[in-house]
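Peer 1: Mind having a look at this structure? Questions to follow.
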Amino acid sequence: MREFIIVGRPNSGKTMFALNFAAFIGSKTVDVTFRSYDGLMSCRHFSIEEAKVQLCGMALHKTRSLQSLILKMSLGKTIVNFKITDTCGIGEKIHHDETIRRGMAQTLSLLRCADFIFHIVDVAGINKEYLNNPSTIDREIYNYGIIRNSYTILANKIDLPSAQDNMTKLAYLFPKAHAIPVSALLSQGFKEVKACVARNI
Amino acid sequence: MSYIWPQDVLLAMEKGEISAVEALKSLQEMDNMTMPSTKVNHSQKRIEDTLHELDHLIGLSEVKKIVREIYAFIEIQRRRQQENLNTEPLVLHMIFKGNPGTGKTTVARIMSKFFCEIGVLTRGHLIEVERADLVGEYIGHTAQKTREQLKKAYGGILFIDEAYSLARGGEKDFGKESIDVLVKAMEDHKNDLILILAGYQKEMVGFLETNPGLHSRFPIHIDFPDYSQQELLHIAEQMFRARQYSLSAETRSALLKLLLSHQSSVHENFGNARTVRNIIEKAIRRQAVRLISKASTTRQELMLIEPTDLVEVK
């Protein structure tokens, strides 16, 4: 089964994207498998709405371990299963909390062997400082992802007013990557993401 | 600082020595060097996972270092072979010396998986035996029994626990016959079998001295030192975490005291990590007894181990 990993900064909308994308392709409920740093696995069954309440939040680092969903997609006459894994957000600085550092290490470990990388970038957050910083975590993920052919940027929060203008800046910052504008919250742009998943299953 | 293994980079990041940006840069360099334009293949990932599993064990720094050395040695021998250079024979029979509960069997299990992944062993399983499985009851029975166990172990690791007991009974004991069969097999099947003799430090030294030929036949000797109190506490925390229990600060200090009293009172017979496991299992049972009288319990209560749960644990 192909594994798609969702990576990005904390609070860029990774979990919201995973859940709303699951809903978009027809799932009403999801079984979320949590994989902790110690290798402990637990699985919880949620409706999509419940999952959003429990797993998404405005606070930074709501997701602290790997959370996988097995989703189904029909391709022609067959139904293909694939795994989409939401990860702990990674930031530039060394985090003071060990649990979060471990979560970030888990993310990087999976990043190396996942079949496809979805890199979520908060387009509304692109400002002058971000543009001038040569070593943002997004840039490093981009540099890492671009050497693999299986990499796509999801330009999230496109529904926010400031985001529209930032799309050109995004194209300037990450020139070699294929970027899909999406709104994880409002499920906008998911048709193109679905086509991208279908091409890469 | 430069790192050799991706897992070292991730470990440094977990410890807060480097940031995610630096970690990603290092990983990028490593992955670019080995396999540009492709993802890390599954077999390499599995090797790294196995090494990571070993790294996860508390303490045992010497053991971890030796395993990395063996991995590097095997990999380089393979590359030399590809270039038609002379290669050293891969004899990987080992002696594990250490007190009970210091991780000998656990390390052997991880090693069997690891050697299978890197292609040294074909099956990568571990057969754990002791004197009773090898030594027979009448003349000729020992060789037959030992051969049976060896046959099961080909393609994997034969792990003989408390191996010194094979030479315990003196001249007329059948244990010697078993050693002879083992020595023959480890020469004849050196490409398909790894023999690990394990036992207590003192006894193993004595055992190797009684059989001078044995010492040279085992190129790798690994000592398993006793754990320090802090390491034992880490082990306990890890075990509680794996069972989804949590400890308060008071419980932690009570546990440390308990471990201290165990270590000082039992001396050589202290079972190290195994004793910790027993303490944990007893504490979990005590917690269950404490909670069963309550009509309703919260998730938090079900997870928390309190100092009172450790009071009667010995």
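Each chain of the structure tokens is named A, B, ... in the order shown, its residues numbered from 1; ligands are numbered from 1 in display order.
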Would you kindly report the residues of chain A within 6 Å of chain B, using only C-alpha atoms, as a ChimeraX atom specification?

Peer 2: /A:92-94,101-102,105,112-113,137,144,147-148

Peer 1: Using DSSP assignments from the backbone, pull out every residue in stretch 39-184 of chain B that falls under alpha helix (DSSP H) and give it to me as JSON, numbers by chain.

Peer 2: {"B": [42, 43, 44, 45, 46, 47, 48, 49, 50, 51, 52, 53, 54, 55, 56, 61, 62, 63, 64, 65, 66, 67, 68, 69, 70, 71, 72, 73, 74, 75, 76, 77, 78, 79, 80, 81, 82, 104, 105, 106, 107, 108, 109, 110, 111, 112, 113, 114, 115, 116, 117, 131, 132, 133, 134, 141, 142, 143, 144, 145, 146, 147, 148, 149, 150, 151, 152, 153, 175, 176, 177, 178, 179, 180, 181, 182, 183, 184]}

Peer 1: Of the candidates B:Met204, B:Gln229, B:Ala283, B:Ala153, which shows the shortest atom-to-atom distance to B:Ser261, using only C-alpha atoms?

Peer 2: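 Answer, going by the shortest atom-to-atom distance: B:Gln229.
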
Peer 1: Residues near B:Gly140, anyone? I mean within 10 Å using only C-alpha atoms, not counting same-chain ones fewer than 4 positions away, as a PyMOL selection string.

Peer 2: chain B and resi 135-136+144-145+174+177

Peer 1: Which parts of stretch 50-214 of chain B does DSSP call strand (DSSP E or B) when run on the backbone here, written out as number ranges by chain?

Peer 2: B: 94-98, 126-129, 157-160, 194-199

Peer 1: Next, write the just-selected residues to a file, as an mmCIF file, in the first residue's frame, keeping N, CA and C atoms as the atom set.

Peer 2:
```cif
data_model
loop_
_atom_site.group_PDB
_atom_site.id
_atom_site.type_symbol
_atom_site.label_atom_id
_atom_site.label_comp_id
_atom_site.auth_asym_id
_atom_site.auth_seq_id
_atom_site.Cartn_x
_atom_site.Cartn_y
_atom_site.Cartn_z
ATOM 1 N N MET B 94 29.908 -15.348 18.776
ATOM 2 C CA MET B 94 30.099 -14.363 19.851
ATOM 3 C C MET B 94 29.985 -14.961 21.243
ATOM 4 N N ILE B 95 30.603 -14.242 22.166
ATOM 5 C CA ILE B 95 30.449 -14.573 23.585
ATOM 6 C C ILE B 95 29.810 -13.355 24.253
ATOM 7 N N PHE B 96 28.713 -13.574 24.964
ATOM 8 C CA PHE B 96 28.071 -12.501 25.731
ATOM 9 C C PHE B 96 28.321 -12.749 27.219
ATOM 10 N N LYS B 97 28.941 -11.782 27.866
ATOM 11 C CA LYS B 97 29.192 -11.945 29.302
ATOM 12 C C LYS B 97 28.458 -10.862 30.077
ATOM 13 N N GLY B 98 27.714 -11.270 31.067
ATOM 14 C CA GLY B 98 27.020 -10.258 31.872
ATOM 15 C C GLY B 98 26.067 -10.884 32.859
ATOM 16 N N LEU B 126 16.130 -16.969 15.846
ATOM 17 C CA LEU B 126 16.976 -17.196 17.022
ATOM 18 C C LEU B 126 16.472 -18.434 17.752
ATOM 19 N N ILE B 127 17.376 -19.394 17.934
ATOM 20 C CA ILE B 127 17.007 -20.576 18.706
ATOM 21 C C ILE B 127 17.695 -20.429 20.062
ATOM 22 N N GLU B 128 16.890 -20.377 21.091
ATOM 23 C CA GLU B 128 17.436 -20.205 22.437
ATOM 24 C C GLU B 128 17.488 -21.559 23.130
ATOM 25 N N VAL B 129 18.668 -21.981 23.518
ATOM 26 C CA VAL B 129 18.758 -23.281 24.188
ATOM 27 C C VAL B 129 19.576 -23.168 25.476
ATOM 28 N N ILE B 157 20.574 -17.837 14.399
ATOM 29 C CA ILE B 157 21.491 -17.773 15.541
ATOM 30 C C ILE B 157 21.135 -18.868 16.542
ATOM 31 N N LEU B 158 22.167 -19.582 17.009
ATOM 32 C CA LEU B 158 21.945 -20.508 18.118
ATOM 33 C C LEU B 158 22.472 -19.815 19.370
ATOM 34 N N PHE B 159 21.568 -19.535 20.279
ATOM 35 C CA PHE B 159 21.917 -18.782 21.477
ATOM 36 C C PHE B 159 21.907 -19.742 22.666
ATOM 37 N N ILE B 160 23.086 -19.983 23.221
ATOM 38 C CA ILE B 160 23.153 -20.919 24.346
ATOM 39 C C ILE B 160 23.284 -20.121 25.641
ATOM 40 N N ILE B 194 25.371 -18.518 13.311
ATOM 41 C CA ILE B 194 26.099 -17.718 14.295
ATOM 42 C C ILE B 194 25.812 -18.339 15.653
ATOM 43 N N LEU B 195 26.880 -18.656 16.365
ATOM 44 C CA LEU B 195 26.717 -19.257 17.676
ATOM 45 C C LEU B 195 27.009 -18.200 18.733
ATOM 46 N N ILE B 196 26.097 -18.035 19.654
ATOM 47 C CA ILE B 196 26.328 -17.081 20.739
ATOM 48 C C ILE B 196 26.287 -17.839 22.064
ATOM 49 N N LEU B 197 27.399 -17.752 22.797
ATOM 50 C CA LEU B 197 27.429 -18.359 24.122
ATOM 51 C C LEU B 197 27.234 -17.243 25.135
ATOM 52 N N ALA B 198 26.263 -17.402 26.001
ATOM 53 C CA ALA B 198 26.003 -16.339 26.970
ATOM 54 C C ALA B 198 26.061 -16.883 28.385
ATOM 55 N N GLY B 199 26.416 -16.017 29.293
ATOM 56 C CA GLY B 199 26.437 -16.427 30.698
ATOM 57 C C GLY B 199 27.000 -15.353 31.589
#
```

Peer 1: Within 12 Å of stretch 222-228 of chain B, which residues of stretch 96-133 of chain B come that close, and what is the closest atom pair and distance in Å for each? Count only C-alpha atoms and give it as a tab-separated table.

Peer 2:
```
residue	atom	partner	partner_atom	distance
B:Phe96	CA	B:Ile222	CA	5.0
B:Lys97	CA	B:Asp223	CA	4.8
B:Gly98	CA	B:Phe224	CA	4.6
B:Asn99	CA	B:Asp226	CA	6.8
B:Pro100	CA	B:Asp226	CA	8.8
B:Gly101	CA	B:Asp226	CA	8.5
B:Thr102	CA	B:Phe224	CA	6.0
B:Gly103	CA	B:Phe224	CA	7.3
B:Lys104	CA	B:Phe224	CA	7.1
B:Thr105	CA	B:Phe224	CA	10.9
B:Thr106	CA	B:Phe224	CA	11.5
B:Val107	CA	B:Phe224	CA	10.0
B:Ala108	CA	B:Ile222	CA	11.2
```

Peer 1: Output N, CA and C atoms of each residue in that selection to a file, as a CSV table (one decimal), in the first residue's frame.

Peer 2:
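Done, and the output landed in again.csv:
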```
chain,number,residue,atom,x,y,z
B,96,PHE,N,28.7,-13.6,25.0
B,96,PHE,CA,28.1,-12.5,25.7
B,96,PHE,C,28.3,-12.7,27.2
B,97,LYS,N,28.9,-11.8,27.9
B,97,LYS,CA,29.2,-11.9,29.3
B,97,LYS,C,28.5,-10.9,30.1
B,98,GLY,N,27.7,-11.3,31.1
B,98,GLY,CA,27.0,-10.3,31.9
B,98,GLY,C,26.1,-10.9,32.9
B,99,ASN,N,25.7,-10.1,33.8
B,99,ASN,CA,24.8,-10.6,34.9
B,99,ASN,C,23.4,-10.7,34.3
B,100,PRO,N,22.5,-11.5,35.0
B,100,PRO,CA,21.1,-11.6,34.5
B,100,PRO,C,20.4,-10.3,34.3
B,101,GLY,N,19.6,-10.2,33.3
B,101,GLY,CA,18.8,-9.0,33.1
B,101,GLY,C,19.6,-7.8,32.6
B,102,THR,N,20.7,-8.1,31.9
B,102,THR,CA,21.5,-7.0,31.4
B,102,THR,C,21.3,-6.8,29.9
B,103,GLY,N,20.4,-7.6,29.3
B,103,GLY,CA,20.0,-7.4,27.9
B,103,GLY,C,20.6,-8.4,26.9
B,104,LYS,N,21.2,-9.5,27.4
B,104,LYS,CA,21.9,-10.4,26.5
B,104,LYS,C,20.9,-11.0,25.5
B,105,THR,N,19.8,-11.6,26.0
B,105,THR,CA,18.9,-12.2,25.1
B,105,THR,C,18.2,-11.2,24.1
B,106,THR,N,17.9,-10.0,24.7
B,106,THR,CA,17.2,-9.0,23.9
B,106,THR,C,18.2,-8.6,22.7
B,107,VAL,N,19.4,-8.4,23.0
B,107,VAL,CA,20.4,-8.0,22.0
B,107,VAL,C,20.5,-9.1,21.0
B,108,ALA,N,20.6,-10.3,21.4
B,108,ALA,CA,20.7,-11.5,20.5
B,108,ALA,C,19.5,-11.5,19.5
```
